>>> print(open('my_file-v6.txt').read())   # compact mmCIF, C-alpha atoms
# COMPACT_ATOMS: atom_id res chain seq x y z
CA MET I 1 -5.31 10.16 -4.65
CA SER I 2 -2.00 11.86 -5.31
CA ALA I 3 0.87 9.44 -5.22
CA VAL I 4 3.18 10.12 -2.30
CA SER I 5 6.03 8.25 -0.70
CA THR I 6 5.82 6.95 2.83
CA SER I 7 9.32 5.62 3.02
CA GLY I 8 11.44 8.73 3.19
CA SER I 9 12.64 8.02 -0.37
CA PRO I 10 11.47 9.76 -3.55
CA ALA I 11 7.76 9.49 -4.24
CA VAL I 12 6.63 6.23 -5.76
CA SER I 13 5.09 8.10 -8.68
CA ALA I 14 4.75 11.64 -9.85
CA VAL I 15 2.67 14.15 -7.93
CA PRO I 16 0.56 16.75 -9.72
CA SER I 17 2.44 19.15 -11.96
CA GLY I 18 4.16 21.97 -10.11
CA LYS I 19 3.95 20.20 -6.74
CA PRO I 20 7.11 19.13 -4.94
CA ARG I 21 7.76 15.50 -4.22
CA VAL I 22 6.94 14.74 -0.63
CA HIS I 23 8.58 12.36 1.79
CA ILE I 24 6.11 11.15 4.37
CA GLY I 25 7.59 7.98 5.81
CA TYR I 26 7.50 9.84 9.13
CA LEU I 27 3.71 9.45 9.20
CA ASP I 28 3.99 5.67 9.40
CA GLY I 29 6.79 6.01 11.95
CA LEU I 30 4.73 8.29 14.16
CA ARG I 31 1.74 5.96 13.81
CA ALA I 32 3.97 3.04 14.84
CA LEU I 33 5.16 4.81 17.99
CA ALA I 34 1.59 5.68 18.97
CA ALA I 35 0.40 2.10 18.40
CA MET I 36 3.25 0.60 20.42
CA PHE I 37 2.58 3.08 23.22
CA VAL I 38 -1.04 1.87 23.35
CA VAL I 39 0.20 -1.73 23.63
CA LEU I 40 2.58 -0.83 26.46
CA HIS I 41 -0.09 1.24 28.18
CA HIS I 42 -2.58 -1.61 28.19
CA SER I 43 0.16 -4.01 29.26
CA SER I 44 0.93 -1.76 32.22
CA THR I 45 -2.70 -1.89 33.38
CA GLN I 46 -2.25 -5.61 34.08
CA PHE I 47 0.03 -4.77 37.01
CA ASP I 48 0.02 -2.66 40.16
CA LEU I 49 3.00 -0.42 39.53
CA THR I 50 2.19 2.17 42.19
CA HIS I 51 4.57 0.50 44.66
CA ALA I 52 7.53 0.27 42.31
CA PRO I 53 10.90 1.44 43.67
CA ALA I 54 11.37 5.21 43.69
CA PRO I 55 13.61 5.42 40.59
CA PHE I 56 10.97 3.63 38.52
CA ALA I 57 7.74 4.93 40.03
CA GLU I 58 7.73 8.30 38.26
CA LEU I 59 8.92 6.81 34.97
CA LEU I 60 6.17 4.19 35.01
CA LYS I 61 3.53 6.91 35.31
CA PHE I 62 4.38 7.72 31.70
CA PHE I 63 2.61 4.55 30.60
CA SER I 64 -0.68 5.68 32.13
CA TYR I 65 -1.33 8.23 29.39
CA GLY I 66 -2.45 5.82 26.70
CA HIS I 67 -5.35 8.09 25.76
CA TYR I 68 -2.86 10.54 24.29
CA ALA I 69 -1.97 8.02 21.58
CA VAL I 70 -5.57 8.01 20.36
CA ASP I 71 -5.46 11.81 20.23
CA ILE I 72 -2.38 11.58 18.00
CA PHE I 73 -4.05 8.96 15.81
CA ILE I 74 -7.04 11.23 15.18
CA VAL I 75 -4.84 14.20 14.23
CA LEU I 76 -2.83 11.88 11.97
CA SER I 77 -6.03 10.72 10.30
CA GLY I 78 -7.06 14.26 9.44
CA PHE I 79 -3.55 14.99 8.16
CA CYS I 80 -3.39 11.90 5.94
CA LEU I 81 -6.86 12.20 4.45
CA MET I 82 -6.21 15.85 3.67
CA LEU I 83 -2.95 15.09 1.83
CA PRO I 84 -4.49 14.28 -1.59
CA VAL I 85 -6.63 17.41 -1.27
CA ALA I 86 -3.70 19.68 -0.37
CA LEU I 87 -1.49 18.23 -3.09
CA GLY I 88 -4.26 18.65 -5.63
CA ASP I 89 -6.57 21.57 -6.31
CA GLY I 90 -8.10 21.75 -2.85
CA THR I 91 -11.07 19.53 -3.64
CA MET I 92 -11.79 15.85 -3.12
CA ARG I 93 -11.19 13.52 -6.03
CA GLY I 94 -14.42 11.74 -6.78
CA SER I 95 -17.73 11.99 -5.01
CA ALA I 96 -18.42 11.86 -1.31
CA ALA I 97 -20.13 8.51 -1.85
CA SER I 98 -16.99 7.02 -3.42
CA PHE I 99 -14.94 8.36 -0.51
CA PHE I 100 -17.26 6.68 2.01
CA LEU I 101 -17.10 3.40 0.12
CA LYS I 102 -13.31 3.46 0.01
CA ARG I 103 -13.13 4.24 3.72
CA ALA I 104 -15.62 1.47 4.49
CA ARG I 105 -13.57 -1.03 2.52
CA ARG I 106 -10.41 0.06 4.28
CA ILE I 107 -11.62 0.21 7.88
CA LEU I 108 -14.53 -2.19 8.30
CA PRO I 109 -13.34 -5.63 7.07
CA PRO I 110 -10.25 -5.70 9.36
CA TYR I 111 -12.40 -4.39 12.21
CA TYR I 112 -15.01 -7.13 11.85
CA LEU I 113 -12.33 -9.79 11.43
CA ALA I 114 -10.67 -8.50 14.60
CA LEU I 115 -14.00 -8.88 16.40
CA ALA I 116 -14.15 -12.50 15.25
CA PHE I 117 -10.52 -13.03 16.27
CA SER I 118 -11.21 -11.65 19.76
CA LEU I 119 -14.39 -13.72 20.18
CA ILE I 120 -12.50 -16.91 19.26
CA LEU I 121 -9.80 -16.17 21.84
CA ILE I 122 -12.45 -15.39 24.44
CA TYR I 123 -14.38 -18.57 23.76
CA PHE I 124 -11.37 -20.87 24.05
CA PHE I 125 -9.01 -19.06 26.43
CA LEU I 126 -10.22 -15.82 27.99
CA SER I 127 -13.80 -16.33 29.14
CA HIS I 128 -13.19 -16.15 32.91
CA ALA I 129 -12.59 -13.14 35.13
CA SER I 130 -8.97 -12.71 36.15
CA GLY I 131 -8.95 -9.53 38.22
CA THR I 132 -7.39 -7.53 35.38
CA ARG I 133 -8.69 -4.86 33.05
CA TRP I 134 -9.78 -7.62 30.72
CA ASP I 135 -12.70 -8.29 33.05
CA SER I 136 -14.42 -5.20 31.59
CA THR I 137 -14.90 -7.16 28.35
CA LEU I 138 -16.81 -9.98 30.05
CA PRO I 139 -19.32 -11.51 29.84
CA ILE I 140 -20.16 -11.34 26.15
CA THR I 141 -23.83 -10.47 25.59
CA LYS I 142 -26.02 -10.27 22.51
CA GLN I 143 -26.44 -6.55 23.14
CA GLY I 144 -22.67 -6.05 23.23
CA VAL I 145 -22.18 -7.96 19.99
CA LEU I 146 -24.90 -5.96 18.24
CA LEU I 147 -23.46 -2.67 19.47
CA HIS I 148 -20.07 -3.61 18.03
CA LEU I 149 -21.57 -4.79 14.75
CA PHE I 150 -23.35 -1.46 14.29
CA LEU I 151 -20.39 0.60 15.57
CA LEU I 152 -22.29 1.97 18.55
CA GLN I 153 -20.25 0.60 21.46
CA ASP I 154 -18.75 4.00 22.24
CA VAL I 155 -22.19 5.60 22.47
CA ALA I 156 -23.33 2.98 24.98
CA GLY I 157 -19.98 2.82 26.81
CA ASN I 158 -19.79 -0.90 26.12
CA PHE I 159 -16.33 -2.50 26.41
CA GLU I 160 -17.24 -6.09 25.63
CA ILE I 161 -15.14 -8.19 23.24
CA SER I 162 -12.12 -5.82 23.18
CA TYR I 163 -11.95 -2.59 25.16
CA PRO I 164 -9.76 -0.50 22.75
CA LEU I 165 -12.27 -0.79 19.89
CA TRP I 166 -14.33 2.17 21.13
CA SER I 167 -12.25 4.53 18.97
CA ILE I 168 -13.12 2.85 15.66
CA PRO I 169 -16.75 4.09 15.54
CA VAL I 170 -15.57 7.53 16.71
CA GLU I 171 -13.39 7.90 13.63
CA TRP I 172 -15.95 6.21 11.39
CA ARG I 173 -18.49 8.93 12.11
CA ILE I 174 -15.91 11.66 11.52
CA TYR I 175 -15.51 10.43 7.94
CA PHE I 176 -19.04 11.56 7.16
CA LEU I 177 -18.11 15.16 7.95
CA PHE I 178 -14.80 15.13 6.08
CA PRO I 179 -16.32 16.33 2.74
CA VAL I 180 -17.99 19.20 4.59
CA LEU I 181 -14.69 20.21 6.19
CA VAL I 182 -12.89 20.05 2.83
CA TRP I 183 -15.52 22.33 1.31
CA ALA I 184 -15.27 24.73 4.26
CA PHE I 185 -11.46 24.79 4.06
CA ARG I 186 -11.73 25.81 0.42
CA ARG I 187 -14.51 28.34 0.94
CA TYR I 188 -13.28 30.00 4.16
CA SER I 189 -10.09 30.47 6.14
CA PRO I 190 -8.74 27.03 7.23
CA VAL I 191 -7.64 28.54 10.56
CA ALA I 192 -11.12 29.93 11.18
CA VAL I 193 -12.80 26.68 10.14
CA THR I 194 -10.54 24.66 12.44
CA SER I 195 -11.12 27.03 15.35
CA VAL I 196 -14.89 26.94 14.92
CA THR I 197 -14.82 23.13 14.58
CA VAL I 198 -12.79 22.73 17.78
CA ILE I 199 -15.06 25.06 19.76
CA ALA I 200 -18.28 23.56 18.37
CA SER I 201 -17.13 19.98 18.99
CA TYR I 202 -16.36 20.73 22.62
CA ILE I 203 -19.68 22.53 23.04
CA VAL I 204 -21.43 19.39 21.77
CA TRP I 205 -19.48 17.22 24.22
CA ILE I 206 -20.23 19.56 27.16
CA GLY I 207 -23.87 19.82 26.10
CA ILE I 208 -24.31 16.04 26.10
CA ASP I 209 -22.43 15.65 29.38
CA HIS I 210 -24.56 18.23 31.17
CA SER I 211 -27.94 17.24 29.79
CA PRO I 212 -30.25 14.25 30.29
CA LEU I 213 -28.64 12.74 27.19
CA HIS I 214 -25.70 11.56 29.29
CA ARG I 215 -27.98 8.84 30.68
CA TRP I 216 -27.98 7.16 27.28
CA ILE I 217 -24.79 8.50 25.68
CA SER I 218 -21.44 7.82 27.32
CA THR I 219 -19.24 10.90 27.58
CA TYR I 220 -16.39 9.14 29.36
CA PRO I 221 -12.93 9.35 27.75
CA SER I 222 -13.59 6.03 26.03
CA GLY I 223 -17.12 6.91 25.05
CA VAL I 224 -18.61 9.08 22.34
CA SER I 225 -16.04 11.79 21.72
CA PRO I 226 -17.39 14.62 19.54
CA TYR I 227 -14.36 16.77 20.40
CA TYR I 228 -12.26 14.44 18.24
CA LEU I 229 -13.78 16.17 15.22
CA GLY I 230 -11.84 19.25 16.32
CA LEU I 231 -8.60 17.26 16.57
CA PHE I 232 -9.28 15.77 13.14
CA ALA I 233 -9.63 19.31 11.75
CA MET I 234 -6.30 20.19 13.39
CA GLY I 235 -4.69 17.42 11.37
CA MET I 236 -6.27 18.81 8.19
CA LEU I 237 -4.95 22.26 9.07
CA ALA I 238 -1.45 20.84 9.57
CA THR I 239 -1.55 19.42 6.04
CA LYS I 240 -2.75 22.74 4.66
CA ALA I 241 0.09 24.51 6.47
CA ALA I 242 2.77 22.10 5.31
CA TYR I 243 1.79 21.31 1.71
CA SER I 244 -0.52 24.01 0.43
CA GLY I 245 0.90 26.25 -2.27
CA ASP I 246 -0.63 29.36 -0.70
CA ARG I 247 0.80 29.14 2.80
CA SER I 248 -0.09 32.13 4.94
CA ARG I 249 2.44 34.33 6.69
CA ALA I 250 1.81 32.56 9.99
CA PHE I 251 2.40 29.13 8.47
CA GLY I 252 5.39 30.32 6.46
CA ARG I 253 7.64 30.67 9.48
CA PRO I 254 11.00 28.85 9.43
CA ALA I 255 11.42 25.29 10.64
CA SER I 256 13.28 26.52 13.72
CA ALA I 257 10.18 28.39 14.86
CA TRP I 258 8.05 25.28 14.46
CA ALA I 259 10.67 23.22 16.32
CA ALA I 260 10.51 25.69 19.20
CA ALA I 261 6.70 25.64 19.13
CA THR I 262 6.78 21.82 19.25
CA ALA I 263 9.02 21.91 22.31
CA VAL I 264 6.79 24.46 24.05
CA SER I 265 3.59 22.52 23.32
CA ALA I 266 5.23 19.28 24.49
CA PHE I 267 6.22 20.99 27.74
CA VAL I 268 2.66 22.25 28.23
CA VAL I 269 1.29 18.71 27.80
CA PHE I 270 3.91 17.38 30.23
CA ALA I 271 3.24 20.08 32.82
CA LEU I 272 -0.54 19.69 32.70
CA SER I 273 -0.16 15.90 32.99
CA ALA I 274 2.47 15.78 35.72
CA PHE I 275 1.38 18.60 38.00
CA PRO I 276 -2.14 18.73 39.46
CA LEU I 277 -4.19 21.88 39.37
CA ALA I 278 -6.38 23.22 42.17
CA HIS I 279 -7.29 20.77 44.94
CA GLY I 280 -4.96 18.14 43.52
CA HIS I 281 -7.10 17.50 40.44
CA SER I 282 -5.75 17.18 36.92
CA LEU I 283 -7.52 18.26 33.77
CA PRO I 284 -10.03 15.69 32.46
CA PRO I 285 -8.66 13.49 29.66
CA GLN I 286 -11.17 15.03 27.27
CA VAL I 287 -9.70 18.50 27.90
CA MET I 288 -6.14 17.19 27.78
CA SER I 289 -6.95 15.89 24.29
CA LEU I 290 -7.12 19.50 23.12
CA PHE I 291 -3.54 20.17 24.24
CA VAL I 292 -2.28 16.86 22.85
CA GLY I 293 -4.03 17.69 19.58
CA LEU I 294 -2.32 21.07 19.40
CA PHE I 295 1.04 19.45 20.09
CA SER I 296 0.41 16.84 17.39
CA MET I 297 -0.61 19.47 14.85
CA ILE I 298 2.50 21.58 15.48
CA LEU I 299 4.74 18.49 15.43
CA LEU I 300 3.34 17.41 12.06
CA ILE I 301 3.88 20.86 10.57
CA TRP I 302 7.48 20.89 11.82
CA VAL I 303 8.48 17.45 10.52
CA SER I 304 6.64 18.08 7.24
CA ILE I 305 8.51 21.26 6.41
CA SER I 306 11.74 19.90 7.88
CA PRO I 307 11.83 16.13 7.18
CA ARG I 308 15.61 16.10 7.69
CA SER I 309 15.27 17.28 11.29
CA TRP I 310 16.17 14.80 14.00
CA ALA I 311 12.45 14.13 14.60
CA GLY I 312 11.77 13.64 10.90
CA ARG I 313 14.66 11.20 10.59
CA LEU I 314 13.56 9.34 13.72
CA PHE I 315 9.99 8.90 12.53
CA ALA I 316 11.19 7.87 9.06
CA TRP I 317 13.44 5.13 10.48
CA ARG I 318 12.76 2.07 8.34
CA PRO I 319 11.83 -0.33 11.17
CA LEU I 320 9.29 2.20 12.45
CA VAL I 321 7.92 2.79 8.94
CA PHE I 322 7.50 -0.98 8.55
CA LEU I 323 5.71 -1.24 11.89
CA GLY I 324 3.49 1.65 10.90
CA THR I 325 2.22 -0.23 7.85
CA PHE I 326 0.33 -2.61 10.13
CA ALA I 327 -0.29 -0.35 13.13
CA TYR I 328 -4.06 -0.64 12.56
CA SER I 329 -3.88 -4.42 12.90
CA LEU I 330 -1.74 -4.06 16.01
CA TYR I 331 -4.32 -1.77 17.56
CA LEU I 332 -7.23 -4.02 16.62
CA THR I 333 -5.76 -7.25 17.99
CA HIS I 334 -3.48 -6.36 20.89
CA ALA I 335 -5.90 -6.30 23.85
CA PRO I 336 -6.84 -10.02 23.93
CA LEU I 337 -3.21 -10.88 23.17
CA VAL I 338 -2.02 -8.80 26.13
CA GLN I 339 -4.43 -10.72 28.37
CA LEU I 340 -3.45 -14.06 26.81
CA PHE I 341 0.25 -13.46 27.48
CA TRP I 342 -0.41 -12.30 31.04
CA GLN I 343 -2.81 -15.14 31.87
CA TYR I 344 -0.82 -18.05 30.45
CA VAL I 345 2.79 -16.86 30.67
CA ILE I 346 3.37 -14.13 33.27
CA HIS I 347 0.79 -14.99 35.93
CA PRO I 348 1.83 -18.65 36.36
CA LEU I 349 5.42 -17.52 37.02
CA HIS I 350 4.33 -15.51 40.11
CA LEU I 351 6.62 -12.63 39.23
CA SER I 352 6.59 -9.28 40.97
CA ASP I 353 4.55 -6.59 39.24
CA LEU I 354 7.67 -4.78 38.07
CA ALA I 355 9.31 -7.95 36.75
CA GLY I 356 6.05 -8.98 35.10
CA PHE I 357 5.74 -5.64 33.35
CA ALA I 358 9.35 -5.89 32.17
CA MET I 359 8.56 -9.31 30.71
CA ALA I 360 5.46 -7.89 29.06
CA ILE I 361 7.58 -5.18 27.43
CA PHE I 362 10.56 -7.22 26.26
CA VAL I 363 8.88 -10.55 25.50
CA GLY I 364 5.15 -10.02 25.25
CA ALA I 365 5.14 -6.88 23.09
CA PRO I 366 7.37 -8.39 20.35
CA LEU I 367 5.25 -11.56 20.28
CA ILE I 368 2.04 -9.54 20.10
CA THR I 369 3.52 -7.46 17.28
CA GLY I 370 4.38 -10.63 15.37
CA VAL I 371 0.85 -11.98 15.68
CA ALA I 372 -0.54 -8.60 14.62
CA TYR I 373 1.63 -8.69 11.51
CA LEU I 374 0.22 -12.10 10.57
CA PHE I 375 -3.27 -10.70 11.10
CA HIS I 376 -2.31 -7.77 8.87
CA LEU I 377 -1.20 -10.08 6.07
CA ALA I 378 -4.37 -12.17 6.23
CA CYS I 379 -7.03 -9.65 7.22
CA GLU I 380 -5.87 -6.10 6.49
CA ARG I 381 -3.51 -5.96 3.52
CA PRO I 382 -6.03 -7.52 1.09
CA PHE I 383 -8.17 -4.40 1.63
CA MET I 384 -5.34 -1.89 1.29
CA ASN I 385 -4.75 -2.30 -2.45
CA THR I 386 -6.82 -3.72 -5.28
CA LYS I 387 -3.76 -5.34 -6.83
CA PRO I 388 -3.31 -8.99 -5.83
CA ARG I 389 0.38 -8.53 -4.96
CA PRO I 390 1.09 -4.95 -3.89
CA THR I 391 4.71 -3.90 -3.76
CA VAL I 392 6.32 -2.78 -0.51
CA ALA I 393 6.20 0.83 -1.70
CA GLU I 394 2.49 0.53 -2.55
CA THR I 395 1.76 -1.07 0.81
CA GLU I 396 3.53 1.75 2.63
CA ARG I 397 1.79 4.37 0.49
CA ASP I 398 -1.63 2.93 1.25
CA ALA I 399 -0.76 2.55 4.93
CA VAL I 400 -0.56 6.32 5.17
CA LEU I 401 -4.34 6.34 4.77
CA SER I 402 -4.82 3.75 7.49
CA PRO I 403 -7.64 4.46 9.91
CA ALA I 404 -6.64 5.94 13.21
CA PRO I 405 -7.39 3.59 16.05
>>> encode(input="my_file-v6.txt", output="structure tokens")
Amino acid sequence: MSAVSTSGSPAVSAVPSGKPRVHIGYLDGLRALAAMFVVLHHSSTQFDLTHAPAPFAELLKFFSYGHYAVDIFIVLSGFCLMLPVALGDGTMRGSAASFFLKRARRILPPYYLALAFSLILIYFFLSHASGTRWDSTLPITKQGVLLHLFLLQDVAGNFEISYPLWSIPVEWRIYFLFPVLVWAFRRYSPVAVTSVTVIASYIVWIGIDHSPLHRWISTYPSGVSPYYLGLFAMGMLATKAAYSGDRSRAFGRPASAWAAATAVSAFVVFALSAFPLAHGHSLPPQVMSLFVGLFSMILLIWVSISPRSWAGRLFAWRPLVFLGTFAYSLYLTHAPLVQLFWQYVIHPLHLSDLAGFAMAIFVGAPLITGVAYLFHLACERPFMNTKPRPTVAETERDAVLSPAP
């Protein structure tokens, strides 16, 4: 792959001749914010926050949109995997088989080790129902274990072992279509390819949901999610817009236009989330993913062509970049740790729901992040670089290609 910097400093090595050096520390920073939001979202589900005092009630609703973070992760994944292609000659380096093997080495060992980590915690500490969301992971069955081993838990709607892990097989299957999308981007208009991919992926989701197949294939928000292929293509399109040498007139607009478009798309997501439509119903999460994907795509284009904007500087903040290097480990391990902290620390104190959630944020989340970092060192970083002792710059560079939880 082309060598790029993820730290906001000059690239760690030269990029192909004639290509500008790129500063993409903001990718790790954005990934870190999304991962932490997932942790806080799942922490919030441990408490009944609907009766919080008026000043806090509306604010706390913000933590209920954890699904949006997965949408952002998928767009980020398409963006990052497309980077070497956009910075090169528009084709993949190496064969499709070598790409699959590299992705398998990167995503699967930490995933399986996280399964083992969760099963150990369940066996010794978390095997009994507690009246929290964690109950959806229990009891552990042979069928559930097999589904997770073969990356089919999302298809079956099985949440055993660790409920956030449904997104891993979703992204894993997208990888198999990445070479096809790269070829299509080179052969046809990237905008047209992305549009067709988005429409087709939603047609597949609707077709499954409204056919007898839905009896065997889960189409819930945390089930099989074919529409994520469309969001993945949006991420690829964002890379093409930001780093391709033949940017179209539409993509060549100034950074101020993209900043305005980011603000508008963010407002649309907020409005559709906060205000119900007809009969008090909101859009389904699967449909909201489309709008979050569009927002993510526009945001990535903006910060890519204007890394010195306030958003670019925020996302490239060193502590966030550092957190982003092990965001995958944080995503893989946080659910049983959230339950562990609630069950053995918060619950025995008999705190109010609001006080308990505050403790989960300011005490539990940092502790969970620390454990996730140790997991990263032992179970993820060995698979990020073939060198026995990767440098910090190399670790950050490889983290850009982290799988999207």
>>> closest_residue(input="my_file-v6.txt", among="I:Ser43, I:Thr141, I:Ser118, I:Thr239", to="Gly364 of chain I", atoms="all atoms listed in the file")
I:Ser43
>>> closest_residue(input="my_file-v6.txt", among="I:Ile203, I:Ala263, I:Ala242, I:Leu374", to="Pro307 of chain I", atoms="all atoms listed in the file")
I:Ala242
>>> closest_residue(input="my_file-v6.txt", among="I:Phe117, I:Phe270, I:Trp134, I:Phe124", to="Gln339 of chain I", atoms="only C-alpha atoms")
I:Trp134
>>> closest_atom_pairs(input="my_file-v6.txt", of="segment 200-233 of chain I", to="segment 161-172 of chain I", cutoff="8 Å", atoms="all atoms listed in the file", output="Markdown table")
| residue | atom | partner | partner_atom | distance |
| --- | --- | --- | --- | --- |
| I:Ser222 | CA | I:Trp166 | CA | 6.3 |
| I:Gly223 | CA | I:Trp166 | CA | 6.8 |
| I:Val224 | CA | I:Val170 | CA | 6.6 |
| I:Ser225 | CA | I:Val170 | CA | 6.6 |
| I:Pro226 | CA | I:Val170 | CA | 7.8 |
| I:Tyr228 | CA | I:Val170 | CA | 7.8 |
>>> closest_atom_pairs(input="my_file-v6.txt", of="segment 299-335 of chain I", to="segment 22-35 of chain I", cutoff="9 Å", atoms="all atoms listed in the file", output="tab-separated table")
residue	atom	partner	partner_atom	distance
I:Leu300	CA	I:Leu27	CA	8.5
I:Val303	CA	I:Tyr26	CA	7.8
I:Ser304	CA	I:Ile24	CA	7.5
I:Pro307	CA	I:His23	CA	7.3
I:Ala311	CA	I:Tyr26	CA	8.5
I:Gly312	CA	I:Tyr26	CA	6.0
I:Arg313	CA	I:Tyr26	CA	7.4
I:Leu314	CA	I:Tyr26	CA	7.6
I:Phe315	CA	I:Tyr26	CA	4.3
I:Ala316	CA	I:Tyr26	CA	4.2
I:Trp317	CA	I:Gly29	CA	6.9
I:Arg318	CA	I:Gly29	CA	8.0
I:Pro319	CA	I:Gly29	CA	8.1
I:Leu320	CA	I:Gly29	CA	4.6
I:Val321	CA	I:Gly29	CA	4.6
I:Phe322	CA	I:Asp28	CA	7.6
I:Leu323	CA	I:Ala32	CA	5.5
I:Gly324	CA	I:Ala32	CA	4.2
I:Thr325	CA	I:Asp28	CA	6.4
I:Phe326	CA	I:Ala32	CA	8.2
I:Ala327	CA	I:Ala32	CA	5.7
I:Tyr328	CA	I:Ala35	CA	7.8
I:Leu330	CA	I:Ala35	CA	6.9
I:Tyr331	CA	I:Ala35	CA	6.2
>>> residues_around(input="my_file-v6.txt", residues="Ala274 of chain I", least_positions_apart="4", cutoff="12 Å", atoms="only C-alpha atoms", output="NGL selection string")
:I and (58-59 or 61-62 or 64-65 or 267-270 or 280-283 or 288)
>>> residues_around(input="my_file-v6.txt", residues="Phe383 of chain I", least_positions_apart="3", cutoff="8 Å", atoms="only C-alpha atoms", output="count of residues only")
6
>>> closest_residue(input="my_file-v6.txt", among="I:His67, I:His51, I:Thr194, I:Ser130", to="Pro284 of chain I", atoms="only C-alpha atoms")
I:His67
>>> atom_distance(input="my_file-v6.txt", atom1="atom CA of Val338 of chain I", atom2="atom CA of Ser273 of chain I")
25.7 Å
>>> closest_residue(input="my_file-v6.txt", among="I:Gly66, I:Pro190, I:Gly157, I:Gly94", to="Ser289 of chain I", atoms="only C-alpha atoms")
I:Gly66
>>> residues_around(input="my_file-v6.txt", residues="Val75 of chain I", least_positions_apart="2", cutoff="10 Å", atoms="all atoms listed in the file", output="NGL selection string")
:I and (70-73 or 77-80 or 228-238 or 292-297 or 300 or 404)
>>> build_atoms(input="my_file-v6.txt", residues="segment 210-227 of chain I", atoms="N, CA and C atoms", output="compact mmCIF listing (two decimals), keeping the file's coordinate frame")
# COMPACT_ATOMS: atom_id res chain seq x y z
N HIS I 210 -23.80 17.48 30.17
CA HIS I 210 -24.56 18.23 31.17
C HIS I 210 -26.06 18.28 30.86
N SER I 211 -26.52 17.33 30.10
CA SER I 211 -27.94 17.24 29.79
C SER I 211 -28.43 15.83 30.09
N PRO I 212 -29.74 15.62 30.07
CA PRO I 212 -30.25 14.25 30.29
C PRO I 212 -29.73 13.23 29.30
N LEU I 213 -29.16 13.68 28.18
CA LEU I 213 -28.64 12.74 27.19
C LEU I 213 -27.52 11.86 27.74
N HIS I 214 -26.83 12.35 28.78
CA HIS I 214 -25.70 11.56 29.29
C HIS I 214 -26.15 10.25 29.92
N ARG I 215 -27.47 10.11 30.15
CA ARG I 215 -27.98 8.84 30.68
C ARG I 215 -27.92 7.74 29.62
N TRP I 216 -27.96 8.14 28.37
CA TRP I 216 -27.98 7.16 27.28
C TRP I 216 -26.72 7.22 26.40
N ILE I 217 -25.99 8.33 26.49
CA ILE I 217 -24.79 8.50 25.68
C ILE I 217 -23.59 8.66 26.60
N SER I 218 -22.62 7.78 26.47
CA SER I 218 -21.44 7.82 27.32
C SER I 218 -20.53 8.96 26.90
N THR I 219 -20.17 9.80 27.85
CA THR I 219 -19.24 10.90 27.58
C THR I 219 -17.92 10.68 28.30
N TYR I 220 -17.67 9.46 28.74
CA TYR I 220 -16.39 9.14 29.36
C TYR I 220 -15.29 9.22 28.30
N PRO I 221 -14.02 9.25 28.73
CA PRO I 221 -12.93 9.35 27.75
C PRO I 221 -12.96 8.27 26.68
N SER I 222 -13.50 7.10 27.02
CA SER I 222 -13.59 6.03 26.03
C SER I 222 -15.01 5.86 25.52
N GLY I 223 -15.76 6.93 25.56
CA GLY I 223 -17.12 6.91 25.05
C GLY I 223 -17.23 7.75 23.79
N VAL I 224 -18.44 8.22 23.51
CA VAL I 224 -18.61 9.08 22.34
C VAL I 224 -17.77 10.33 22.56
N SER I 225 -17.04 10.73 21.56
CA SER I 225 -16.04 11.79 21.72
C SER I 225 -16.16 12.81 20.60
N PRO I 226 -17.20 13.66 20.63
CA PRO I 226 -17.39 14.62 19.54
C PRO I 226 -16.23 15.59 19.38
N TYR I 227 -15.48 15.84 20.48
CA TYR I 227 -14.36 16.77 20.40
C TYR I 227 -13.25 16.25 19.49
